[in-house]
Amino acid sequence: MTENVRIDKYLWSVRLFKTRTLAAEACEKHRVLLNDAAVKPSRTVRANDRLTVKKPPSVYTYLVKALIDNRQPASKVNDYITDTTPQEEIEKSRMARMTAFVQRDRGAGRPTKKERRVVEALMNDSSFSK
């Protein structure tokens, strides 16, 4: 356990981002909020802080239980962070994954320009926008 942990390192340690660089970029783009305030990657995290991570189309919220500065196995992540994301946000993410997948027959090759435009038109449909 440590006393001071950078937020980008913490987000990477608890597996919210695949790399520390991605965590730092999210902080720079104001997609990570610490107690409802935008933070720089160098900001330190403390126990009982509230994290908000924006990963479109959903906004995830977490409560920091304990600090850690090295990457943890997925089975131990729950010892350090609690997911407090509302069920509606989780549903948004699940629906986006379901609608974003386009089935292509095996051996069909790459889509033609016309097929690609049809798929893009479906993806940009205003009924499901970010």
# chains A, B, ... in the order shown; residues from 1 in each chain; ligands from 1
call {"tool": "residues_around", "arguments": {"residues": "Thr85 in chain A", "least_positions_apart": "5", "cutoff": "12 Å", "atoms": "only C-alpha atoms", "output": "PyMOL selection string"}}
result
chain A and resi 50-54+58-63+90-93
call {"tool": "write_last_selection", "arguments": {"atoms": "N, CA and C atoms", "output": "short mmCIF file (atom, residue, chain, number, x, y, z; two decimals), in the first residue's frame"}}
result
data_model
loop_
_atom_site.label_atom_id
_atom_site.label_comp_id
_atom_site.auth_asym_id
_atom_site.auth_seq_id
_atom_site.Cartn_x
_atom_site.Cartn_y
_atom_site.Cartn_z
N ARG A 50 -14.17 9.75 -5.20
CA ARG A 50 -15.15 9.29 -6.19
C ARG A 50 -14.60 9.58 -7.59
N LEU A 51 -14.46 8.55 -8.40
CA LEU A 51 -13.97 8.69 -9.77
C LEU A 51 -15.12 8.59 -10.75
N THR A 52 -15.08 9.43 -11.77
CA THR A 52 -16.03 9.35 -12.86
C THR A 52 -15.22 9.23 -14.14
N VAL A 53 -15.48 8.17 -14.91
CA VAL A 53 -14.75 7.92 -16.14
C VAL A 53 -15.74 7.91 -17.29
N LYS A 54 -15.51 8.81 -18.25
CA LYS A 54 -16.40 8.91 -19.42
C LYS A 54 -15.81 8.09 -20.55
N SER A 58 -21.16 5.62 -22.35
CA SER A 58 -21.49 5.53 -20.93
C SER A 58 -20.56 6.37 -20.06
N VAL A 59 -21.05 6.67 -18.86
CA VAL A 59 -20.26 7.36 -17.85
C VAL A 59 -20.23 6.44 -16.63
N TYR A 60 -19.04 5.98 -16.28
CA TYR A 60 -18.87 5.03 -15.18
C TYR A 60 -18.44 5.77 -13.93
N THR A 61 -18.93 5.32 -12.77
CA THR A 61 -18.53 5.92 -11.50
C THR A 61 -17.97 4.83 -10.59
N TYR A 62 -16.94 5.21 -9.83
CA TYR A 62 -16.25 4.27 -8.95
C TYR A 62 -15.94 4.95 -7.64
N LEU A 63 -15.79 4.14 -6.59
CA LEU A 63 -15.37 4.61 -5.29
C LEU A 63 -14.03 3.95 -4.98
N ILE A 90 -24.77 1.14 -17.62
CA ILE A 90 -24.27 -0.18 -18.03
C ILE A 90 -25.07 -0.68 -19.22
N GLU A 91 -26.37 -0.44 -19.21
CA GLU A 91 -27.23 -0.84 -20.33
C GLU A 91 -26.85 -0.09 -21.61
N LYS A 92 -26.51 1.19 -21.50
CA LYS A 92 -26.09 1.96 -22.67
C LYS A 92 -24.89 1.31 -23.33
N SER A 93 -23.94 0.93 -22.50
CA SER A 93 -22.71 0.30 -23.01
C SER A 93 -23.03 -1.04 -23.68
#
call {"tool": "select_by_dssp", "arguments": {"residues": "range 18-110 of chain A", "states": "helix (DSSP H, G or I)", "output": "list in words"}}
result
Arg20, Thr21, Leu22, Ala23, Ala24, Glu25, Ala26, Cys27, Glu28, Ala74, Ser75, Lys76, Val77, Asn78, Asp79, Gln87, Glu88, Glu89, Ile90, Glu91, Lys92, Ser93, Arg94, Met95, Ala96, Arg97, Met98, Thr99 and Ala100 of chain A
call {"tool": "residues_around", "arguments": {"residues": "Leu67 in chain A", "least_positions_apart": "4", "cutoff": "10 Å", "atoms": "only C-alpha atoms", "output": "JSON list (two decimals) with N, CA and C atoms, in the first residue's frame"}}
result
[["chain", "number", "residue", "atom", "x", "y", "z"],
["A", 1, "MET", "N", 0.84, -1.19, 0.00],
["A", 1, "MET", "CA", 0.00, 0.00, 0.00],
["A", 1, "MET", "C", 0.88, 1.25, 0.00],
["A", 2, "THR", "N", 0.42, 2.25, -0.68],
["A", 2, "THR", "CA", 1.16, 3.50, -0.76],
["A", 2, "THR", "C", 0.27, 4.66, -0.34],
["A", 3, "GLU", "N", 0.89, 5.79, -0.07],
["A", 3, "GLU", "CA", 0.12, 6.96, 0.34],
["A", 3, "GLU", "C", -0.28, 7.84, -0.82],
["A", 4, "ASN", "N", 0.66, 8.08, -1.75],
["A", 4, "ASN", "CA", 0.40, 8.95, -2.88],
["A", 4, "ASN", "C", 0.50, 8.15, -4.18],
["A", 5, "VAL", "N", -0.59, 8.16, -4.94],
["A", 5, "VAL", "CA", -0.61, 7.47, -6.22],
["A", 5, "VAL", "C", -1.19, 8.42, -7.25],
["A", 6, "ARG", "N", -0.48, 8.57, -8.37],
["A", 6, "ARG", "CA", -0.99, 9.39, -9.47],
["A", 6, "ARG", "C", -2.27, 8.76, -10.01],
["A", 10, "TYR", "N", -3.11, 4.87, -11.06],
["A", 10, "TYR", "CA", -4.17, 4.15, -10.35],
["A", 10, "TYR", "C", -5.19, 3.57, -11.33],
["A", 13, "SER", "N", -3.69, 0.64, -12.84],
["A", 13, "SER", "CA", -3.50, -0.44, -11.86],
["A", 13, "SER", "C", -4.77, -1.23, -11.61],
["A", 14, "VAL", "N", -5.90, -0.54, -11.59],
["A", 14, "VAL", "CA", -7.17, -1.23, -11.32],
["A", 14, "VAL", "C", -7.89, -1.63, -12.61],
["A", 45, "VAL", "N", -4.53, 10.42, -5.86],
["A", 45, "VAL", "CA", -5.80, 9.84, -5.47],
["A", 45, "VAL", "C", -5.71, 9.47, -3.99],
["A", 46, "ARG", "N", -6.83, 9.55, -3.27],
["A", 46, "ARG", "CA", -6.89, 9.14, -1.87],
["A", 46, "ARG", "C", -8.04, 8.16, -1.69],
["A", 47, "ALA", "N", -8.00, 7.41, -0.63],
["A", 47, "ALA", "CA", -9.09, 6.48, -0.32],
["A", 47, "ALA", "C", -10.38, 7.28, -0.14],
["A", 48, "ASN", "N", -11.48, 6.70, -0.53],
["A", 48, "ASN", "CA", -12.83, 7.28, -0.46],
["A", 48, "ASN", "C", -13.08, 8.38, -1.48],
["A", 79, "ASP", "N", -10.76, -5.38, -4.43],
["A", 79, "ASP", "CA", -10.20, -4.98, -3.14],
["A", 79, "ASP", "C", -9.82, -3.51, -3.11],
["A", 80, "TYR", "N", -9.67, -2.90, -4.29],
["A", 80, "TYR", "CA", -9.17, -1.53, -4.38],
["A", 80, "TYR", "C", -10.16, -0.52, -4.91],
["A", 81, "ILE", "N", -11.23, -0.98, -5.56],
["A", 81, "ILE", "CA", -12.18, -0.05, -6.17],
["A", 81, "ILE", "C", -13.58, -0.69, -6.18]]
call {"tool": "select_by_dssp", "arguments": {"residues": "chain A", "states": "strand (DSSP E or B)", "output": "number ranges by chain"}}
result
A: 5-6, 32-34, 37-38, 44-45, 50-55, 58-64, 81-83
call {"tool": "write_last_selection", "arguments": {"atoms": "C-alpha atoms", "output": "JSON list (two decimals), in the first residue's frame"}}
result
[["chain", "number", "residue", "atom", "x", "y", "z"],
["A", 5, "VAL", "CA", -0.61, 7.47, -6.22],
["A", 6, "ARG", "CA", -0.99, 9.39, -9.47],
["A", 32, "VAL", "CA", -11.74, 11.49, -15.89],
["A", 33, "LEU", "CA", -13.22, 13.40, -12.97],
["A", 34, "LEU", "CA", -12.08, 13.11, -9.37],
["A", 37, "ALA", "CA", -13.52, 17.98, -10.91],
["A", 38, "ALA", "CA", -11.44, 17.46, -14.05],
["A", 44, "THR", "CA", -2.98, 12.11, -6.51],
["A", 45, "VAL", "CA", -5.80, 9.84, -5.47],
["A", 50, "ARG", "CA", -15.15, 9.29, -6.19],
["A", 51, "LEU", "CA", -13.97, 8.69, -9.77],
["A", 52, "THR", "CA", -16.03, 9.35, -12.86],
["A", 53, "VAL", "CA", -14.75, 7.92, -16.14],
["A", 54, "LYS", "CA", -16.40, 8.91, -19.42],
["A", 55, "LYS", "CA", -16.14, 6.17, -22.04],
["A", 58, "SER", "CA", -21.49, 5.53, -20.93],
["A", 59, "VAL", "CA", -20.26, 7.36, -17.85],
["A", 60, "TYR", "CA", -18.87, 5.03, -15.18],
["A", 61, "THR", "CA", -18.53, 5.92, -11.50],
["A", 62, "TYR", "CA", -16.25, 4.27, -8.95],
["A", 63, "LEU", "CA", -15.37, 4.61, -5.29],
["A", 64, "VAL", "CA", -11.70, 4.25, -4.32],
["A", 81, "ILE", "CA", -12.18, -0.05, -6.17],
["A", 82, "THR", "CA", -15.99, -0.32, -6.05],
["A", 83, "ASP", "CA", -18.12, 0.12, -9.16]]
call {"tool": "residues_around", "arguments": {"residues": "Glu28 in chain A", "least_positions_apart": "6", "cutoff": "12 Å", "atoms": "only C-alpha atoms", "output": "ChimeraX atom specification"}}
result
/A:7-8,21-22,38-43
call {"tool": "write_last_selection", "arguments": {"atoms": "C-alpha atoms", "output": "compact mmCIF listing (two decimals), in the first residue's frame"}}
result
# COMPACT_ATOMS: atom_id res chain seq x y z
CA ILE A 7 -4.48 9.07 -10.94
CA ASP A 8 -3.21 7.79 -14.31
CA THR A 21 -0.73 6.24 -21.57
CA LEU A 22 -4.43 5.78 -22.37
CA ALA A 38 -11.44 17.46 -14.05
CA VAL A 39 -7.91 16.36 -13.20
CA LYS A 40 -4.47 16.19 -14.75
CA PRO A 41 -2.70 12.81 -14.89
CA SER A 42 -0.36 13.81 -12.07
CA ARG A 43 -3.15 14.40 -9.53
call {"tool": "closest_residue", "arguments": {"among": "A:Asn35, A:Pro111, A:Lys9, A:Arg117", "to": "Ala23 in chain A", "atoms": "only C-alpha atoms"}}
result
A:Lys9
call {"tool": "atom_distance", "arguments": {"atom1": "CA of Pro56 in chain A", "atom2": "CA of Gln72 in chain A"}}
result
24.8 Å
call {"tool": "atom_distance", "arguments": {"atom1": "CA of Lys29 in chain A", "atom2": "CA of Leu11 in chain A"}}
result
14.8 Å
